[in-house]
Every structure is written in structure tokens, then in C-alpha cells.
There are 2 protein chains.
Amino acid sequence: MNNITIKTLAERLQVSVATVSKALKDSHEIGELTKQRVRQMAEELNYVPNLYASSLRRRKSKTIAVVLPEVADSYFSLAINGIESIAQKKGYHVLIYLTHENYRKQEEILKDFQSGRVDGVLMSTTTETTDHCHVVDLQISGVPIVFFDRVCEDIETAKITTNDFECGYIAGELLLKQGCKKIAFLSISSSLSISNKRANGFHKALADKNIKTSPKDIIDCKNDESFNYSHLKKILSHKNRPDGIIASVEKLTTTVYLVCKELNLRIPGDIKIISFSNLVSAPILNPSLTTITQPAFEMGAVAASILFKALEKPGFQLKKESMVIPSVLVERDSTK
Amino acid sequence: MNNITIKTLAERLQVSVATVSKALKDSHEIGELTKQRVRQMAEELNYVPNLYASSLRRRKSKTIAVVLPEVADSYFSLAINGIESIAQKKGYHVLIYLTHENYRKQEEILKDFQSGRVDGVLMSTTTETTDHCHVVDLQISGVPIVFFDRVCEDIETAKITTNDFECGYIAGELLLKQGCKKIAFLSISSSLSISNKRANGFHKALADKNIKTSPKDIIDCKNDESFNYSHLKKILSHKNRPDGIIASVEKLTTTVYLVCKELNLRIPGDIKIISFSNLVSAPILNPSLTTITQPAFEMGAVAASILFKALEKPGFQLKKESMVIPSVLVERDSTK
DNA sequence: CTGAAAGCGCTAACAA
DNA sequence: TTGTTAGCGCTTTCAG
């Protein structure tokens, strides 16, 4: 640790620590000449303020946390960029925390935040999340939290989402139009709002065409690739297999493609596929993948902007700030 | 911020703050009964220790930083998982910082660390990095740093790398064996050690077959997708275009594929492609992509383990701990 | 086994 | 315009 402190500077310059502190903050109370001298000395000695001391004192850390299930996902990596673009303007640090879809881990992380480690939190919740006391605890302790994409419905705060229901509908409609008779919806978790909304939209699309749906149309996948692989393989091996698939999250896409490859199912001839995904490689897959692409960067940026409003104005009402930003359908060969 | 402090607990229990502090640390100086009472009260009041206070006092934060160019890259996202798996065991927090390949940003981040924000740093450097004073400054101020994958050659510390030279050689050799006459190497930066080592390996492979190489075989790409796209398009449109491509980083793959698609160049018929990549979608690309796959998770885990050794034993000699973990070649259709 | 007290580095009243 | 001083919450001697 660097041992140049404000005190060192003060001694060298024969002024008080208060003067140095204020000078470094460019306070109007301090004379221009003094500021100059302080700044120069700080530069010279390579002074770096101690984050812990100032945070302890000010009860602010100029840091926000982004809590995510994982980072190996185009949506999240783009959202992070959106968040950072805003945070940087505001002079805030962004710390990324990964839950690996583990509820306990998420709980621990949020609990830790109660210590004031960060000033605010942006979160996309894990699939395992069921009860949300830890989120409420965090809010009670005064740390604002804004959700994006994967929200907790029952928490009162700002939620930035995309038009999940509508997109589920669009996906279902497209596959029907392309002639699918038996469509399966790959869900990632039955306790996840986005997954359910997308599934509901899908059901509605079928219902509107008077096609009866059954719970078996929803295939529950897990956070376990090899499980998903064998599960899907079994389903797609069946003689009454689906001829259309809606993948509700990006990571399921690769699995579906690999299973089809192994079973010699041709896409889109034998089975059509559409995926909720921000994969840049969508156009170069074999065949190119029809996607519903979320406005990931923008969702991150908007979520961050709203959080900063709350950080800047203490009494700010977050719950009135929810927002829905639409996704777009990009048709490619996998649904031709 | 939570306002339950050690003092609150002390008052409630009619003991001193020192006792509470020690009890919470399970110190042997404290009686079992007292510990019990303290723990129970802490639980009851939902006490969360203030990170800033304890870090300020102990001059330790139980936190490490991972500094990366970006996160939308399979290599880095896997490496993060490796790092986290180790950090978790050690009870350390992991903060992820993104440089977006921006040297200035990296400098700022490292400078910030001099304040003792983190106890140690794991880093893969940006492509723009040229001078490394800021790294040295950090080391001088007592924060250990371990490099992985993209290292700074001239810094004395542990460096976890893969066999880049050898893999460049293998890639070149494979393309030659498959009949390529004119191979281009897509470099991401001429100041990046891994890129250069891979390029050197490639050159050696050609030299060993008495094939003369020219600097024009190395195509310098940037951190700018649209630039890379048009640059590559120009090169591949030329009548004397390459018939084999080695992409030195994952992100260039999509661009190459898209350009080939637009120019109606068939892979592998007209042009063969091999990429340094950890993409899970490699097998389902059109055509499936031959890759050199790095041991990303392991590299992250090893780098973290070594950093923790340094954190646990103050006088630890990091520079003697460098390590090379080999990558593997996976042949697929793009080089058939 | 427990407590009193000093102080980590910084900020912000308040005084001068 | 500058300085004095009292803490932020916690850890850690040292004394009891």
C-alpha cells in the first residue's frame, strides 16, 4: 500500500490536512495558488487517496455493483458495456459480481452490500431465485437496486425489461406461419419472470390460432449443459418430436444445434429454430439462426441512468421508473 | 447504509466493542459463552461488518481485482470462472474491471489500486499497452500482480501463459499440410506478446518448409469490427488473396466468416480457416471451425492460486512462478 | 477472559 | 482563506 497520505502532503507543504483535502477536491474555499501547490505536490509524490478512509468517512463509495448470473452470454456482456458507458460519465466504478445461477451465492453477495460496499446495485437475478428477502433487506438498509432483464416481480423498484410476452408471441406466430405443427418452448427456469412471460406469449400465439397447447410444450432446461443435451436428445429422438423450437435463452442454442446434428435432423427442413439471443455468430451458424435480439446495451445503459438518478437525489422514487425497451426479430435460415 | 455497528452490539450485550470484535473473529481470547451471545445478537440484528472500516484498519481488503480487455470473449469468461473458483475457497472477493482495450483506462484502473482498494491483481493487458510504468508503480506500492494470457514481458512477476509459439507453429503446419499456398495471419496488435509469439510460430512453420514469408502475411486488425470487416474484405477480394487464414483471437472469426460469405468464398474449398478460440459454437458454425483451444479455466485458476500464495506469504517471489499450460488443436471442417 | 484507548486516512463542522 | 478537531467503524495492543 502506498504510504503517501494527505498528512505527508500537508507536512511537505506546511499547511493543514484540511487544506490539502479541500484543495484536492477543488473546493472554492481554497486559494488558487494553494490548490496549485497541493496538486503539484500530489502529482510529484504520486499521491493516491485512500478509498477506504474516504468511503468510511463519507459513507459513499462512488461504486456500483452489477450482479449477474454469468458473463459468458452476449446479452450480459453487452449490458455491462451499456452500464459502464454511463457509469464512466458519472465517475463511478463498476464492480461485477457473478452468481453462477446460484441462489445462495446471490444472497451472500447482496448481504455483503449491506455493509455499504457499494452505493447502488444493478441486478439480473438467478434462475433459482424464489424468495427475495435479501433484496428487501438491502433496500431497507438504504442501498438502491435496479433490475434489468431478469427481474424480481415482487420487489418495488425500477425494472428495465424488454417486451418478453410480445416476443414470445412473435416467435410462436413465426413458427406457425412457417408451417410448424408441434412447437416446443425451451424454458430455463419456471421461476424466472422473463422465461414465463416469453412462454405465455408463445401460448397466446397458439391459442389465437385455436391450437391447443399443453404443459408438455414447455421443456424445462437446467443450468447444466450435459443434462440439457441428453434431455433434448431424448425429446428430439421421439417419433412425435417437435418440428419447431423456441429457445428462451442464448446458451440453449448451441445445445439444440448439436443435438440436431447428432440426430441428423436438418434445420430448418426437419425442425425450425428461433432463439432469444444476441450472438454475433448467429449469421454464420449452420444454418444461420433466426433470433429475437434484445436491446442489451441500451437496457444496461438505461438501468444505470435510473440508478444514478436515485443516487443523486436521495428521495427518488425508483418504483415509478420501470421501462420496457422492445426487442427485434431477425429472420434467418433456421426458420426458412 | 446499515446502522448496526459493533458498538450497537456492545451496548446491547453490555460488553466492550473490543470483546465483540474479537468474538466475531472467533478469537481464542474470548469465552465460549460470550462468543455465543455475540454471535446470536449479531444474527438477530442482522449485523454486517463495515468493509471500509476494517479495511482501513487492517490495510487489507480480502479482495482481488481481475483486469481484462473485455468480457465478451469465451477465453476471458472461462478464465474468470477459474479465478472465482479459487478465490471463493480462499474467502476473497473478486472484482472485474474492463479496459475495453483502452490503455488510458487500464492506467487509471491500476493507479486506483495503489490506494489499497484491492490486495492483489490478476491481469491480461490491453493491446494498446506499450509502456508499463503504471504496472511497476503498482508493484512498488506493494500490490502483487500476476499476468495471465496477455502478459507484459518486461515486468518481473508470475506470468501464466499457454504455448503460443508452438500453437502458431501447429496452425501454420496444419494449413500447409492441407495444401494452403498463401497463408495470412490475423494479428490483433503488434505490441501484444501472445499475438507476436503466435505469429513467430507461424513464420517458423513456413520457414521449416522452406517457404519464404513476408511481413505482408501478417494482417494487422484493430479493436474495431467495421474496420476489420472492410480491411479483410479488401484483402480477400484481391486476386492474389490468401487461401488460408489463422485468426489469432476469437473475435476475428466471425468477421472472417462474414466476409467470406459476402464474397462467396467457400470454406474450406476456397480458403481454410483456423482460429485461436474457446467458442462453444465452433462445432456448429458453417462450416464447423478448427480451433486452437486454450486452457482458459485452468489458466485463470492457476494465476489465482499463485497470487494467493503471494498474498499469504509476504516475501513470496512471484517472478519464479511463471507457468505455461498447453493449448489443444481441435480439427474441424474449416480446414478439411 | 475482558476492557480502555489509540489510531487507520480522510472529511466536514466550526473556529480563527 | 486556512486550521483545529472530532469522529466514520473497526482492530489491536496493552492493562487489568
# chains A, B, ... in the order shown; residues from 1 in each chain; ligands from 1
$ calpha_fit_rmsd --fixed "chain A" --moving "chain B"
0.1 Å
$ closest_atom_pairs --of "chain A" --to "chain C" --cutoff "9 Å" --atoms "only C-alpha atoms (C1' of nucleotides)" --output "JSON lines"
{"residue": "A:Thr5", "atom": "CA", "partner": "C:DG9", "partner_atom": "C1'", "distance": 7.0}
{"residue": "A:Ile6", "atom": "CA", "partner": "C:DG9", "partner_atom": "C1'", "distance": 7.5}
{"residue": "A:Lys7", "atom": "CA", "partner": "C:DG9", "partner_atom": "C1'", "distance": 8.5}
{"residue": "A:Ala18", "atom": "CA", "partner": "C:DT11", "partner_atom": "C1'", "distance": 8.0}
{"residue": "A:Ser21", "atom": "CA", "partner": "C:DT11", "partner_atom": "C1'", "distance": 7.7}
{"residue": "A:Lys22", "atom": "CA", "partner": "C:DT11", "partner_atom": "C1'", "distance": 8.9}
{"residue": "A:Pro49", "atom": "CA", "partner": "C:DG9", "partner_atom": "C1'", "distance": 8.4}
{"residue": "A:Asn50", "atom": "CA", "partner": "C:DG9", "partner_atom": "C1'", "distance": 6.5}
{"residue": "A:Leu51", "atom": "CA", "partner": "C:DG9", "partner_atom": "C1'", "distance": 8.9}
{"residue": "A:Tyr52", "atom": "CA", "partner": "C:DG9", "partner_atom": "C1'", "distance": 8.0}
{"residue": "A:Ala53", "atom": "CA", "partner": "C:DG9", "partner_atom": "C1'", "distance": 4.9}
{"residue": "A:Ser54", "atom": "CA", "partner": "C:DC10", "partner_atom": "C1'", "distance": 4.9}
{"residue": "A:Ser55", "atom": "CA", "partner": "C:DC10", "partner_atom": "C1'", "distance": 8.4}
{"residue": "A:Leu56", "atom": "CA", "partner": "C:DC10", "partner_atom": "C1'", "distance": 8.2}
{"residue": "A:Arg57", "atom": "CA", "partner": "C:DT11", "partner_atom": "C1'", "distance": 6.2}
{"residue": "A:Arg58", "atom": "CA", "partner": "C:DT11", "partner_atom": "C1'", "distance": 6.9}
$ closest_atom_pairs --of "chain A" --to "chain D" --cutoff "7 Å" --atoms "only C-alpha atoms (C1' of nucleotides)" --output "tab-separated table"
residue	atom	partner	partner_atom	distance
A:Ser16	CA	D:DG3	C1'	6.1
A:Thr19	CA	D:DT2	C1'	6.6
A:Glu29	CA	D:DT1	C1'	6.3
A:Ile30	CA	D:DT1	C1'	6.0
A:Gly31	CA	D:DT1	C1'	6.5
A:Leu56	CA	D:DC8	C1'	5.2
A:Arg57	CA	D:DC8	C1'	4.4
$ interface_residues --of "chain A" --to "chain B" --cutoff "6 Å" --atoms "only C-alpha atoms" --output "compact mmCIF listing (two decimals) with C-alpha atoms, in the first residue's frame"
# COMPACT_ATOMS: atom_id res chain seq x y z
CA MET A 1 0.00 0.00 0.00
CA ASN A 2 1.13 3.47 -0.83
CA VAL A 48 -3.40 8.25 -4.35
CA PRO A 49 -6.30 8.91 -1.97
CA ASN A 50 -7.25 6.06 0.29
CA TYR A 52 -11.39 3.12 2.44
CA ALA A 53 -10.74 6.16 4.55
CA LEU A 56 -15.74 5.30 5.69
CA ALA A 72 -20.38 -15.81 -20.91
CA SER A 77 -21.63 -8.72 -21.80
CA LEU A 95 -17.84 -3.94 -9.93
CA ILE A 96 -19.14 -7.11 -11.50
CA GLN A 114 -25.41 -4.03 3.30
CA SER A 115 -22.06 -3.02 4.66
CA GLY A 116 -22.09 -0.09 2.27
CA SER A 141 -30.54 -0.75 4.60
CA GLY A 142 -30.66 2.07 2.09
CA THR A 254 -25.67 -24.46 -29.17
CA SER A 281 -22.21 -15.52 -34.63
CA ILE A 284 -22.63 -17.71 -39.51
CA LEU A 285 -24.14 -20.71 -37.80
CA ASN A 286 -25.11 -23.73 -39.83
$ select_by_dssp --residues "range 75-199 of chain B" --states "helix (DSSP H, G or I)" --output "number ranges by chain"
B: 75-90, 103-113, 133-140, 164-177, 193-199
$ select_by_dssp --residues "range 43-281 of chain B" --states "strand (DSSP E or B)" --output "VMD selection string"
chain B and resid 63 to 68 93 to 98 120 to 123 145 to 148 159 to 161 183 to 187 218 to 220 244 to 247 272 to 276
$ residues_around --residues "Thr335 in chain A" --least-positions-apart "6" --cutoff "8 Å" --atoms "only C-alpha atoms (C1' of nucleotides)" --output "VMD selection string"
chain A and resid 175 178 267 to 268 272 to 274 289 to 290
